[in-house]
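To be precise, the following lines are model-v8.cif, and they hold mmCIF, C-alpha atoms and all ligand atoms.
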```cif
data_upload
#
loop_
_atom_site.label_atom_id
_atom_site.label_comp_id
_atom_site.auth_asym_id
_atom_site.auth_seq_id
_atom_site.Cartn_x
_atom_site.Cartn_y
_atom_site.Cartn_z
CA MET G 1 -119.12 45.26 49.91
CA ALA G 2 -117.16 43.94 46.98
CA ILE G 3 -116.14 46.70 44.56
CA ALA G 4 -117.16 46.14 40.94
CA GLY G 5 -115.52 47.40 37.75
CA ASP G 6 -112.13 47.23 36.13
CA PRO G 7 -109.63 48.56 38.68
CA ILE G 8 -107.03 49.89 36.20
CA ARG G 9 -106.90 51.80 32.94
CA MET G 10 -104.04 52.78 30.69
CA GLU G 11 -103.07 56.43 30.12
CA ALA G 12 -100.16 58.21 28.54
CA ILE G 13 -98.20 60.35 31.00
CA GLU G 14 -95.81 62.96 29.68
CA GLY G 15 -92.22 61.93 30.19
CA LYS G 16 -93.18 58.39 31.21
CA GLY G 17 -95.00 56.92 28.20
CA ARG G 18 -97.81 54.48 28.87
CA ALA G 19 -98.90 54.13 32.47
CA LEU G 20 -101.55 52.35 34.52
CA VAL G 21 -103.91 54.44 36.61
CA SER G 22 -106.59 53.53 39.17
CA ALA G 23 -109.97 53.55 37.43
CA ARG G 24 -111.78 53.75 40.80
CA PRO G 25 -110.77 53.98 44.46
CA LEU G 26 -108.70 50.92 45.34
CA ARG G 27 -108.55 49.11 48.64
CA ALA G 28 -105.34 48.00 50.33
CA GLY G 29 -104.63 44.39 49.39
CA GLU G 30 -106.82 44.36 46.26
CA VAL G 31 -105.42 42.38 43.35
CA VAL G 32 -105.60 44.83 40.43
CA LEU G 33 -104.04 42.47 37.90
CA ARG G 34 -103.48 38.76 37.58
CA GLU G 35 -101.76 37.78 34.36
CA SER G 36 -100.07 34.77 32.74
CA PRO G 37 -96.77 35.25 30.92
CA ILE G 38 -96.58 35.20 27.13
CA LEU G 39 -92.99 34.08 27.48
CA LEU G 40 -91.12 32.40 30.30
CA TYR G 41 -87.51 31.33 30.46
CA SER G 42 -85.14 29.86 32.98
CA ALA G 43 -82.87 32.17 34.96
CA LEU G 44 -80.32 29.38 35.39
CA PRO G 45 -77.25 29.65 33.21
CA PHE G 46 -76.14 26.57 31.27
CA ILE G 47 -73.00 26.32 33.36
CA SER G 48 -72.53 28.21 36.59
CA ALA G 49 -69.61 28.71 38.93
CA LYS G 50 -72.12 28.90 41.79
CA LYS G 51 -73.49 25.88 43.64
CA PRO G 52 -76.47 24.58 41.64
CA ARG G 53 -79.83 25.52 43.08
CA ALA G 54 -82.73 23.06 43.12
CA SER G 55 -83.96 21.41 39.89
CA TYR G 56 -87.08 22.75 38.26
CA CYS G 57 -89.64 21.48 35.84
CA TYR G 58 -88.71 22.92 32.46
CA HIS G 59 -92.35 23.82 31.81
CA CYS G 60 -94.08 24.97 35.04
CA PHE G 61 -90.86 25.87 36.90
CA ARG G 62 -92.01 24.18 40.11
CA VAL G 63 -89.24 22.66 42.21
CA ILE G 64 -88.62 18.97 41.51
CA ASN G 65 -87.73 17.23 44.75
CA SER G 66 -85.21 14.41 44.87
CA GLN G 67 -87.84 11.66 45.36
CA GLN G 68 -90.00 12.82 42.46
CA VAL G 69 -90.22 10.75 39.26
CA THR G 70 -89.38 13.02 36.34
CA THR G 71 -89.80 12.78 32.59
CA ALA G 72 -87.10 13.91 30.16
CA CYS G 73 -87.89 15.03 26.63
CA GLY G 74 -85.27 12.74 25.09
CA ALA G 75 -82.87 9.98 26.12
CA SER G 76 -79.89 12.35 26.26
CA SER G 77 -81.71 15.56 27.09
CA SER G 78 -80.94 17.58 30.19
CA HIS G 79 -84.46 19.03 30.35
CA PHE G 80 -86.70 17.44 32.95
CA PHE G 81 -90.43 17.81 33.54
CA CYS G 82 -92.41 17.15 36.71
CA SER G 83 -95.12 15.16 34.88
CA PRO G 84 -96.01 13.75 31.46
CA ASN G 85 -98.63 16.55 31.26
CA CYS G 86 -95.97 19.22 31.65
CA LEU G 87 -93.78 17.48 29.07
CA SER G 88 -96.54 17.35 26.45
CA ALA G 89 -97.68 20.93 27.21
CA ALA G 90 -94.07 22.09 26.76
CA GLN G 91 -93.54 20.17 23.54
CA ALA G 92 -96.68 21.77 22.13
CA SER G 93 -95.59 25.26 23.15
CA SER G 94 -92.26 26.54 24.47
CA HIS G 95 -90.18 23.37 24.05
CA PRO G 96 -90.59 21.94 20.53
CA PRO G 97 -87.81 19.57 19.31
CA TRP G 98 -85.77 22.35 17.67
CA VAL G 99 -85.66 24.36 20.94
CA CYS G 100 -84.64 21.23 22.83
CA GLN G 101 -81.85 20.55 20.34
CA ALA G 102 -80.67 24.17 20.41
CA LEU G 103 -80.47 24.20 24.23
CA ASP G 104 -78.73 20.83 24.34
CA GLY G 105 -76.30 22.04 21.67
CA LEU G 106 -75.39 25.04 23.81
CA GLN G 107 -75.09 22.91 26.92
CA GLY G 108 -72.29 20.95 25.27
CA CYS G 109 -70.54 23.90 23.65
CA PRO G 110 -67.44 24.86 25.73
CA SER G 111 -66.67 28.09 23.83
CA PHE G 112 -70.07 29.44 24.82
CA HIS G 113 -69.62 28.76 28.53
CA ILE G 114 -66.58 30.94 28.85
CA GLN G 115 -68.89 33.90 28.31
CA ASN G 116 -70.56 35.28 31.43
CA GLU G 117 -73.71 33.86 32.98
CA GLU G 118 -75.80 36.87 32.03
CA LEU G 119 -75.12 36.23 28.35
CA GLN G 120 -76.05 32.56 28.77
CA ILE G 121 -79.42 33.59 30.21
CA GLN G 122 -79.96 36.14 27.43
CA VAL G 123 -79.47 33.36 24.87
CA LYS G 124 -82.21 31.42 26.66
CA PHE G 125 -84.46 34.47 26.35
CA LEU G 126 -83.74 34.86 22.63
CA ILE G 127 -84.47 31.21 21.89
CA ALA G 128 -87.76 31.53 23.83
CA ALA G 129 -88.62 34.75 21.96
CA TYR G 130 -87.91 33.31 18.52
CA SER G 131 -89.84 30.19 19.47
CA LEU G 132 -92.80 32.48 20.29
CA ALA G 133 -92.42 34.17 16.88
CA ILE G 134 -92.74 30.80 15.15
CA ARG G 135 -95.50 29.40 17.35
CA SER G 136 -97.68 32.47 17.93
CA PRO G 137 -97.09 35.45 15.62
CA SER G 138 -99.90 37.39 17.39
CA GLU G 139 -98.28 37.03 20.83
CA PHE G 140 -94.92 37.86 19.28
CA GLN G 141 -96.46 41.13 18.03
CA ILE G 142 -97.55 41.86 21.62
CA LEU G 143 -93.96 41.32 22.72
CA LEU G 144 -92.78 43.69 20.00
CA SER G 145 -95.25 46.35 21.17
CA LEU G 146 -93.59 46.60 24.58
CA GLN G 147 -91.21 49.41 25.46
CA GLY G 148 -87.61 48.97 24.26
CA GLU G 149 -85.80 49.67 20.99
CA ALA G 150 -82.61 48.28 19.51
CA CYS G 151 -80.78 51.44 20.55
CA ASP G 152 -81.60 50.76 24.23
CA CYS G 153 -79.06 47.88 24.26
CA SER G 154 -75.86 48.99 25.89
CA SER G 155 -73.36 46.86 23.97
CA ARG G 156 -73.48 46.29 20.22
CA GLN G 157 -70.71 43.73 20.54
CA GLU G 158 -72.80 41.65 22.92
CA VAL G 159 -75.82 41.85 20.62
CA GLU G 160 -73.70 40.62 17.70
CA PHE G 161 -72.33 37.76 19.79
CA LEU G 162 -75.77 36.72 21.06
CA HIS G 163 -77.28 36.91 17.58
CA SER G 164 -74.54 34.75 16.10
CA VAL G 165 -74.95 32.15 18.85
CA VAL G 166 -78.72 31.94 18.36
CA VAL G 167 -78.51 31.70 14.58
CA SER G 168 -75.84 29.01 14.82
CA VAL G 169 -77.93 26.74 17.07
CA CYS G 170 -81.35 27.60 15.60
CA PRO G 171 -81.05 27.43 11.79
CA ASN G 172 -84.79 28.14 11.41
CA VAL G 173 -84.40 31.56 13.08
CA ALA G 174 -82.29 32.84 10.18
CA GLY G 175 -85.21 32.07 7.83
CA LEU G 176 -87.77 34.05 9.87
CA VAL G 177 -89.18 37.09 8.09
CA GLY G 178 -87.67 40.23 9.59
CA SER G 179 -85.13 38.39 11.69
CA GLY G 180 -81.64 39.85 11.90
CA LEU G 181 -79.39 41.78 14.17
CA GLU G 182 -81.87 44.64 14.62
CA LEU G 183 -84.68 42.33 15.71
CA THR G 184 -82.38 40.54 18.15
CA ALA G 185 -81.28 43.91 19.58
CA SER G 186 -84.87 45.08 19.92
CA LEU G 187 -85.92 41.83 21.64
CA LEU G 188 -83.08 42.11 24.12
CA ALA G 189 -84.15 45.66 24.93
CA LYS G 190 -87.74 44.56 25.55
CA ASP G 191 -86.51 41.85 27.87
CA LYS G 192 -84.27 44.27 29.74
CA LEU G 193 -87.01 46.84 30.31
CA ASN G 194 -89.99 44.58 30.93
CA ALA G 195 -89.07 41.14 32.30
CA PHE G 196 -90.25 40.23 35.80
CA GLY G 197 -88.22 37.77 37.84
CA LEU G 198 -90.13 34.91 39.45
CA MET G 199 -88.44 34.66 42.79
CA GLU G 200 -86.93 31.65 44.50
CA PRO G 201 -88.37 30.90 47.94
CA PHE G 202 -86.35 33.13 50.22
CA GLY G 203 -83.45 31.27 51.78
CA GLY G 204 -81.20 34.07 53.01
CA GLU G 205 -80.61 35.49 49.54
CA ARG G 206 -82.85 37.02 46.89
CA SER G 207 -82.64 35.04 43.68
CA VAL G 208 -84.65 34.60 40.53
CA ARG G 209 -85.77 31.23 39.20
CA ALA G 210 -87.28 32.28 35.90
CA TYR G 211 -88.07 35.45 34.01
CA GLY G 212 -91.45 36.18 32.46
CA LEU G 213 -92.82 38.75 30.05
CA TYR G 214 -96.28 39.92 31.10
CA PRO G 215 -97.83 42.32 28.59
CA LYS G 216 -100.18 44.32 30.84
CA ALA G 217 -97.93 44.25 33.89
CA SER G 218 -95.23 45.74 31.64
CA PHE G 219 -97.14 49.02 31.67
CA PHE G 220 -96.48 49.69 35.36
CA ASN G 221 -93.99 52.49 35.69
CA HIS G 222 -91.52 52.80 38.55
CA ASP G 223 -91.77 54.84 41.74
CA CYS G 224 -89.28 54.64 44.59
CA LEU G 225 -92.27 54.58 46.98
CA PRO G 226 -94.60 52.21 45.13
CA ASN G 227 -98.33 51.95 45.76
CA VAL G 228 -98.64 48.46 44.23
CA CYS G 229 -96.31 45.47 44.33
CA ARG G 230 -96.01 42.13 42.60
CA PHE G 231 -96.46 38.66 44.07
CA ASP G 232 -95.87 35.25 42.54
CA TYR G 233 -96.40 31.75 43.88
CA VAL G 234 -94.50 29.48 41.50
CA ASP G 235 -94.51 26.46 43.82
CA GLY G 236 -98.10 27.03 44.93
CA GLY G 237 -101.19 25.08 43.91
CA CYS G 238 -101.30 22.47 41.20
CA GLY G 239 -102.04 22.76 37.52
CA ALA G 240 -101.60 25.85 35.37
CA GLY G 241 -101.51 29.41 36.66
CA ASN G 242 -98.56 29.04 39.06
CA THR G 243 -96.41 31.37 36.95
CA ASP G 244 -99.06 34.11 36.95
CA ILE G 245 -98.03 37.44 38.36
CA LEU G 246 -100.34 39.22 40.80
CA ILE G 247 -100.21 42.94 41.37
CA ARG G 248 -101.58 43.98 44.76
CA VAL G 249 -102.37 47.39 46.20
CA ILE G 250 -100.11 48.27 49.15
CA HIS G 251 -102.38 50.92 50.71
CA ASP G 252 -105.66 52.58 49.75
CA VAL G 253 -105.36 54.56 46.50
CA PRO G 254 -107.85 57.19 45.28
CA GLN G 255 -109.29 57.11 41.74
CA GLY G 256 -107.11 58.56 38.97
CA ARG G 257 -103.75 58.00 40.71
CA GLU G 258 -100.88 56.44 38.78
CA LEU G 259 -100.09 52.92 40.00
CA CYS G 260 -96.38 52.20 40.22
CA VAL G 261 -94.26 49.29 41.30
CA SER G 262 -90.64 49.60 42.41
CA TYR G 263 -88.28 47.99 39.89
CA PHE G 264 -85.97 46.85 42.74
CA PRO G 265 -85.91 46.66 46.54
CA VAL G 266 -87.13 49.93 48.05
CA ASN G 267 -84.25 50.24 50.53
CA GLU G 268 -81.64 51.16 47.91
CA ARG G 269 -79.85 54.48 48.37
CA TYR G 270 -80.73 57.44 46.16
CA ALA G 271 -77.50 57.33 44.12
CA VAL G 272 -77.79 53.59 43.48
CA ARG G 273 -81.42 53.91 42.45
CA GLN G 274 -80.71 56.76 40.07
CA LYS G 275 -77.75 54.96 38.53
CA ARG G 276 -79.68 51.78 38.04
CA LEU G 277 -82.76 53.46 36.62
CA LEU G 278 -80.65 55.39 34.15
CA GLU G 279 -78.44 52.50 33.07
CA ASP G 280 -81.04 49.74 33.03
CA TYR G 281 -84.25 51.63 32.24
CA GLY G 282 -83.06 54.83 30.54
CA PHE G 283 -84.66 57.47 32.77
CA SER G 284 -83.92 59.73 35.72
CA CYS G 285 -86.42 59.26 38.51
CA GLU G 286 -88.17 62.42 39.68
CA CYS G 287 -90.53 60.83 42.19
CA ASP G 288 -91.33 62.59 45.48
CA ARG G 289 -88.90 60.41 47.40
CA CYS G 290 -86.05 61.15 45.01
CA LYS G 291 -86.76 64.89 45.27
CA VAL G 292 -86.33 64.65 49.05
CA GLU G 293 -83.32 62.31 49.00
CA ALA G 294 -81.50 64.31 46.31
CA GLY G 295 -80.62 66.68 49.14
CA TRP G 296 -79.13 63.99 51.37
CA SER G 297 -75.34 64.09 51.43
CA GLU G 298 -75.04 60.51 52.75
CA ASP G 299 -75.72 59.14 49.30
CA GLU G 300 -72.42 60.32 47.97
CA ASP G 301 -68.97 58.95 48.58
CA VAL G 302 -66.56 61.21 50.47
CA ASP G 303 -65.22 62.42 47.13
CA GLY G 304 -68.74 63.07 45.86
CA GLU G 305 -68.81 60.25 43.35
CA MET G 306 -71.65 57.82 42.85
CA GLU G 307 -71.13 54.32 44.13
CA GLU G 308 -70.05 51.71 41.64
CA GLU G 309 -71.70 48.50 42.78
CA GLU G 310 -74.13 46.95 40.31
CA VAL G 311 -77.00 45.22 42.04
CA GLY G 312 -79.47 42.73 40.72
CA ASP G 313 -82.57 40.97 41.97
CA GLU G 314 -80.60 37.78 42.22
CA GLU G 315 -77.68 39.21 44.13
CA MET G 316 -77.20 40.15 47.73
CA GLU G 317 -76.95 43.89 48.12
CA ASP G 318 -73.79 45.49 49.40
CA ASP G 319 -74.58 47.01 52.81
CA ASP G 320 -73.19 50.38 51.71
CA ASP G 321 -75.79 50.58 48.95
CA LEU G 322 -78.69 50.21 51.37
CA LEU G 323 -80.21 52.87 53.55
CA ASP G 324 -79.36 52.67 57.21
CA ASP G 325 -82.00 52.85 59.97
CA GLU G 326 -81.70 56.58 60.45
CA GLN G 327 -82.15 57.22 56.75
CA MET G 328 -85.17 54.96 56.58
CA TYR G 329 -86.92 55.90 59.76
CA GLY G 330 -85.67 59.45 60.26
CA ASP G 331 -83.65 60.99 63.06
CA GLU G 332 -84.85 63.26 65.83
CA LYS G 333 -84.07 66.43 63.88
CA GLY G 334 -85.34 65.94 60.36
CA GLY G 335 -87.13 62.61 60.16
CA SER G 336 -90.61 64.05 60.16
CA ASN G 337 -89.80 66.23 57.13
CA ASP G 338 -89.34 63.08 55.11
CA PHE G 339 -92.85 61.77 55.74
CA PRO G 340 -94.28 59.68 54.13
CA HIS G 341 -90.97 57.98 53.41
CA ALA G 342 -90.21 57.01 56.98
CA TYR G 343 -93.81 55.87 57.44
CA PHE G 344 -93.54 53.69 54.33
CA PHE G 345 -90.44 51.92 55.62
CA VAL G 346 -91.91 51.29 59.05
CA ARG G 347 -95.14 49.92 57.74
CA TYR G 348 -94.51 48.42 54.32
CA MET G 349 -90.95 47.12 54.32
CA CYS G 350 -90.22 43.59 55.44
CA ASP G 351 -88.14 43.66 58.60
CA LYS G 352 -86.49 40.29 57.93
CA GLU G 353 -82.77 40.81 57.48
CA ILE G 354 -81.55 41.05 53.87
CA CYS G 355 -85.03 40.36 52.47
CA GLY G 356 -85.80 43.88 51.22
CA GLY G 357 -89.32 42.80 50.25
CA THR G 358 -92.42 44.97 50.33
CA LEU G 359 -95.46 44.20 52.49
CA ALA G 360 -99.02 44.41 51.23
CA PRO G 361 -102.15 43.33 53.09
CA LEU G 362 -103.73 40.06 52.02
CA PRO G 363 -106.66 40.65 49.64
CA PRO G 364 -109.87 42.01 51.26
CA SER G 365 -112.45 39.38 52.12
CA GLY G 366 -115.44 38.75 49.85
CA ASP G 367 -117.54 41.19 51.91
CA GLY G 368 -114.96 43.94 51.33
CA HIS G 369 -113.30 43.92 54.76
CA SER G 370 -109.60 44.74 54.61
CA SER G 371 -107.23 42.11 55.93
CA ASN G 372 -105.08 42.90 58.93
CA VAL G 373 -102.39 40.46 57.81
CA MET G 374 -99.47 41.75 55.77
CA GLU G 375 -97.57 39.50 53.36
CA CYS G 376 -94.01 40.05 52.11
CA ASN G 377 -93.65 39.76 48.35
CA VAL G 378 -90.14 38.27 48.59
CA CYS G 379 -89.89 35.99 51.63
CA GLY G 380 -93.63 35.32 51.92
CA ASN G 381 -93.57 36.15 55.63
CA LEU G 382 -97.00 36.93 57.10
CA LYS G 383 -97.30 39.37 59.99
CA PRO G 384 -100.15 41.18 61.73
CA ASP G 385 -100.68 44.75 60.56
CA ASP G 386 -99.73 47.04 63.47
CA GLN G 387 -102.14 49.72 62.30
CA PRO G 388 -105.14 47.97 60.71
CA GLY G 389 -107.71 50.31 59.22
CA SER G 390 -105.30 53.18 58.54
CA SER G 391 -104.19 52.21 55.11
CA SER G 392 -103.32 55.36 53.20
CA VAL G 393 -100.05 57.22 52.79
C1 LIG G 401 -91.76 48.47 32.03
S1 LIG G 401 -91.82 49.87 31.04
C2 LIG G 401 -93.18 50.75 31.71
C3 LIG G 401 -94.20 51.15 30.65
C4 LIG G 401 -93.73 52.19 29.67
N1 LIG G 401 -93.96 53.51 30.22
C5 LIG G 401 -94.40 52.03 28.33
O1 LIG G 401 -94.78 53.04 27.73
O2 LIG G 401 -94.52 50.90 27.85
C6 LIG G 401 -90.40 50.71 31.64
C7 LIG G 401 -90.11 52.01 30.96
O3 LIG G 401 -91.07 53.01 31.31
C8 LIG G 401 -90.46 54.28 31.51
N2 LIG G 401 -90.61 54.64 32.93
C9 LIG G 401 -90.96 53.84 33.96
N3 LIG G 401 -91.03 54.52 35.11
C10 LIG G 401 -90.72 55.80 34.84
C11 LIG G 401 -90.59 56.97 35.63
N4 LIG G 401 -90.83 56.97 36.95
N5 LIG G 401 -90.23 58.13 35.00
C12 LIG G 401 -89.98 58.14 33.67
N6 LIG G 401 -90.08 57.05 32.85
C13 LIG G 401 -90.44 55.89 33.43
C14 LIG G 401 -89.00 54.11 31.14
O4 LIG G 401 -88.85 54.42 29.78
C15 LIG G 401 -88.78 52.63 31.37
O5 LIG G 401 -87.72 52.11 30.60
#
```

Mind turning this structure into structure tokens?
Amino acid sequence: MAIAGDPIRMEAIEGKGRALVSARPLRAGEVVLRESPILLYSALPFISAKKPRASYCYHCFRVINSQQVTTACGASSSHFFCSPNCLSAAQASSHPPWVCQALDGLQGCPSFHIQNEELQIQVKFLIAAYSLAIRSPSEFQILLSLQGEACDCSSRQEVEFLHSVVVSVCPNVAGLVGSGLELTASLLAKDKLNAFGLMEPFGGERSVRAYGLYPKASFFNHDCLPNVCRFDYVDGGCGAGNTDILIRVIHDVPQGRELCVSYFPVNERYAVRQKRLLEDYGFSCECDRCKVEAGWSEDEDVDGEMEEEEVGDEEMEDDDDLLDDEQMYGDEKGGSNDFPHAYFFVRYMCDKEICGGTLAPLPPSGDGHSSNVMECNVCGNLKPDDQPGSSSV
């Protein structure tokens, strides 16, 4: 039987801020949220040292194949669209003439390209955010209501640089009420804490095609053993909705339980997870898994120091940062003490090499029957569930 009623509600949880909680028992595979972004921007830098990936439509972010006829927004513009519909939708929303000119201006500005790729992408975010402020003040207010304050930005120097770049290529931003360094810093913090990466189809490496800000999905807190995970299907279907994010339940969840995603691949080591959560999200994780793994000596270097490697969704992980088989699945002596961690890895982690994705069952059928097919949220691999019917942790 299909289950009626809103599956999630928001609550405040001490030490975590706003959180999303199951409003009723949830079934494995259920989609608890499907949401369109209020803001979307390309994850491709203007100039990159890496081999260029595929070309994308500047509006819907679908791949443009080499035989496809494309439409540009101007004779000399470097922004291509997969159809006249996408071009006109973009010009009426995220890509008005001043945004096009600003991006083209940056494309041809050599002094800007010497800065790192991350800064180039942050400029794209800021232009998209200020464009939202001009086009839709109400949605801009929603963006401002998300977690993240100016003080959450790690480098004041970078904020000053990014602000000066944006103001120089977007003269109308300087005239916006309330705009200034503080607003730019606050926007960057909101992006850092809340943006979801829309993933490239998996081709041996995890990489992000575009970033999106999704207001409700932004309320999911982190847990190192998540009970929900995100899916996106950017190249799927036709028409609008391909940049929606879907949040699916990994295993059955009782009513009143906090619903958490993992902010990065679940097979990161304890020390790397803690470092990343503190540096990028400003908190120390005290989830059940971290409490267990805090006692593991393998997570420290020989000299007891935390590992240095910074990891990102778009980068391959260093092998040393990832858990090895024994750590994930347990050894003969102590593995069972770490339940349900080992169980989670066996059942819900994609076994494709390097993928690091999480598996969730396909949505239950219309008559409420759970699916016995698991889907990976990174590589899209489908595999039969080895233990259909036993879907709780
Ligand atoms: C995407 S937001 C999640 C929603 C946020 N709690 C809010 O009130 O809007 C990310 C922020 O939530 C908080 N957060 C997420 N997971 C947490 C956790 N497990 N423990 C403590 N704080 C957490 C951190 O402040 C983090 O920077």

Inset, instruction - Return as a list in words the residues of protein, DNA or RNA that approach ligand LIG 401 (chain G) to within 7 Å, with all atoms listed in the file taken into account. - result: Gly15, Lys16, Gly17, Arg18, Ala19, Leu146, Gln147, Leu193, Asn194, Ser218, Phe219, Phe220, Asn221, His222, Asp223, Tyr281, Gly282, Phe283, Ser284, Cys285, Glu286 and Cys287 of chain G

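Checking G:Arg269, G:Arg62, G:Arg9, G:Arg289 one by one against Val21 (chain G), counting only C-alpha atoms, you find the shortest gap at G:Arg9.
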
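The residue that comes closest to Glu149 (chain G), out of G:Leu183, G:Ala294, G:Ala217, G:Val228 and on the basis of all atoms listed in the file, is G:Leu183.
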
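Going from CA of Gln120 (chain G) over to CA of Pro45 (chain G), you cover 5.4 Å.
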
Inset, instruction - Please provide the set of residues having any atom within 7 Å of Val123 (chain G), restricted to all atoms listed in the file, with same-chain residues fewer than 3 positions apart removed, written as JSON, numbers by chain. - result: {"G": [119, 120, 126, 127, 162, 166]}

Legend entry - All residues 10 Å or closer to Val373 (chain G), only C-alpha atoms, same chain fewer than 4 positions away omitted, as a list in words: Gly29, Leu359, Ala360, Pro361, Leu362, Pro363, Leu382, Lys383, Pro384, Asp385, Asp386 and Pro388 of chain G

For the selection just defined, write its residues with C-alpha atoms to a file, as an mmCIF file, keeping the file's coordinate frame.
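Below is the file out_25.cif, written as the result:
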```cif
data_model
loop_
_atom_site.group_PDB
_atom_site.id
_atom_site.type_symbol
_atom_site.label_atom_id
_atom_site.label_comp_id
_atom_site.auth_asym_id
_atom_site.auth_seq_id
_atom_site.Cartn_x
_atom_site.Cartn_y
_atom_site.Cartn_z
ATOM 1 C CA GLY G 29 -104.630 44.390 49.390
ATOM 2 C CA LEU G 359 -95.460 44.200 52.490
ATOM 3 C CA ALA G 360 -99.020 44.410 51.230
ATOM 4 C CA PRO G 361 -102.150 43.330 53.090
ATOM 5 C CA LEU G 362 -103.730 40.060 52.020
ATOM 6 C CA PRO G 363 -106.660 40.650 49.640
ATOM 7 C CA LEU G 382 -97.000 36.930 57.100
ATOM 8 C CA LYS G 383 -97.300 39.370 59.990
ATOM 9 C CA PRO G 384 -100.150 41.180 61.730
ATOM 10 C CA ASP G 385 -100.680 44.750 60.560
ATOM 11 C CA ASP G 386 -99.730 47.040 63.470
ATOM 12 C CA PRO G 388 -105.140 47.970 60.710
#
```

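Straight-line separation from CA of Phe61 (chain G) to CA of Gln141 (chain G): 24.9 Å.
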
Inset, instruction - Kindly provide, as a PyMOL selection string, the polymer residues lying within 12 Å of (-77.2, 26.8, 13.3), counting all atoms listed in the file and using the coordinates exactly as they appear in the file. - result: chain G and resi 98-99+101-103+105-106+163-175

Output of the above residues as an mmCIF file, keeping the file's coordinate frame, restricted to C-alpha atoms:
```
data_model
loop_
_atom_site.group_PDB
_atom_site.id
_atom_site.type_symbol
_atom_site.label_atom_id
_atom_site.label_comp_id
_atom_site.auth_asym_id
_atom_site.auth_seq_id
_atom_site.Cartn_x
_atom_site.Cartn_y
_atom_site.Cartn_z
ATOM 1 C CA TRP G 98 -85.770 22.350 17.670
ATOM 2 C CA VAL G 99 -85.660 24.360 20.940
ATOM 3 C CA GLN G 101 -81.850 20.550 20.340
ATOM 4 C CA ALA G 102 -80.670 24.170 20.410
ATOM 5 C CA LEU G 103 -80.470 24.200 24.230
ATOM 6 C CA GLY G 105 -76.300 22.040 21.670
ATOM 7 C CA LEU G 106 -75.390 25.040 23.810
ATOM 8 C CA HIS G 163 -77.280 36.910 17.580
ATOM 9 C CA SER G 164 -74.540 34.750 16.100
ATOM 10 C CA VAL G 165 -74.950 32.150 18.850
ATOM 11 C CA VAL G 166 -78.720 31.940 18.360
ATOM 12 C CA VAL G 167 -78.510 31.700 14.580
ATOM 13 C CA SER G 168 -75.840 29.010 14.820
ATOM 14 C CA VAL G 169 -77.930 26.740 17.070
ATOM 15 C CA CYS G 170 -81.350 27.600 15.600
ATOM 16 C CA PRO G 171 -81.050 27.430 11.790
ATOM 17 C CA ASN G 172 -84.790 28.140 11.410
ATOM 18 C CA VAL G 173 -84.400 31.560 13.080
ATOM 19 C CA ALA G 174 -82.290 32.840 10.180
ATOM 20 C CA GLY G 175 -85.210 32.070 7.830
#
```

Inset, instruction - Tell me, as a list in words, which residues lie within 9 Å of Cys86 (chain G), counting all atoms listed in the file; anything in the same chain fewer than 4 positions away does not count. - result: Cys57, Tyr58, His59, Cys60, Thr71, Phe81, Cys82, Ala90 and Gln91 of chain G

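When CA of Lys124 (chain G) is paired with CA of Tyr41 (chain G), their separation reads 6.5 Å.
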
Inset, instruction - Skip Gly203 (chain G) itself and residues of its chain fewer than 4 positions away, then list as a PyMOL selection string all residues within 10 Å of it, counting all atoms listed in the file. - result: chain G and resi 207+355+379

Now that the selection is made, can you save its residues with C-alpha atoms as a short mmCIF file (atom, residue, chain, number, x, y, z; two decimals), keeping the file's coordinate frame?
```
data_model
loop_
_atom_site.label_atom_id
_atom_site.label_comp_id
_atom_site.auth_asym_id
_atom_site.auth_seq_id
_atom_site.Cartn_x
_atom_site.Cartn_y
_atom_site.Cartn_z
CA SER G 207 -82.64 35.04 43.68
CA CYS G 355 -85.03 40.36 52.47
CA CYS G 379 -89.89 35.99 51.63
#
```

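Taking only C-alpha atoms into account, Pro110 (chain G) lies nearest to G:Phe46 out of the set G:Phe46, G:Phe196, G:Leu26, G:Gly356.
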
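By only C-alpha atoms, and with residues fewer than 6 positions from Asp280 (chain G) along its chain excluded, the set lying at most 10 Å from it is Asp152, Cys153, Ser154, Ala189, Lys192, Leu193 and Gln274 of chain G.
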
Legend entry - Of the listed residues G:Glu353, G:Glu14, G:Asp232, G:Glu268, that which approaches Val31 (chain G) most closely, counting all atoms listed in the file: G:Asp232

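Closest approach to Asn372 (chain G) from the set G:Ala12, G:Ala271, G:Val253, G:Ala28 is made by G:Ala28, with distances taken over only C-alpha atoms.
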
Legend entry - Pick from G:Ser66, G:Ser145, G:Ser186, G:Gln122, whichever lies nearest to Ser42 (chain G) using all atoms listed in the file: G:Gln122
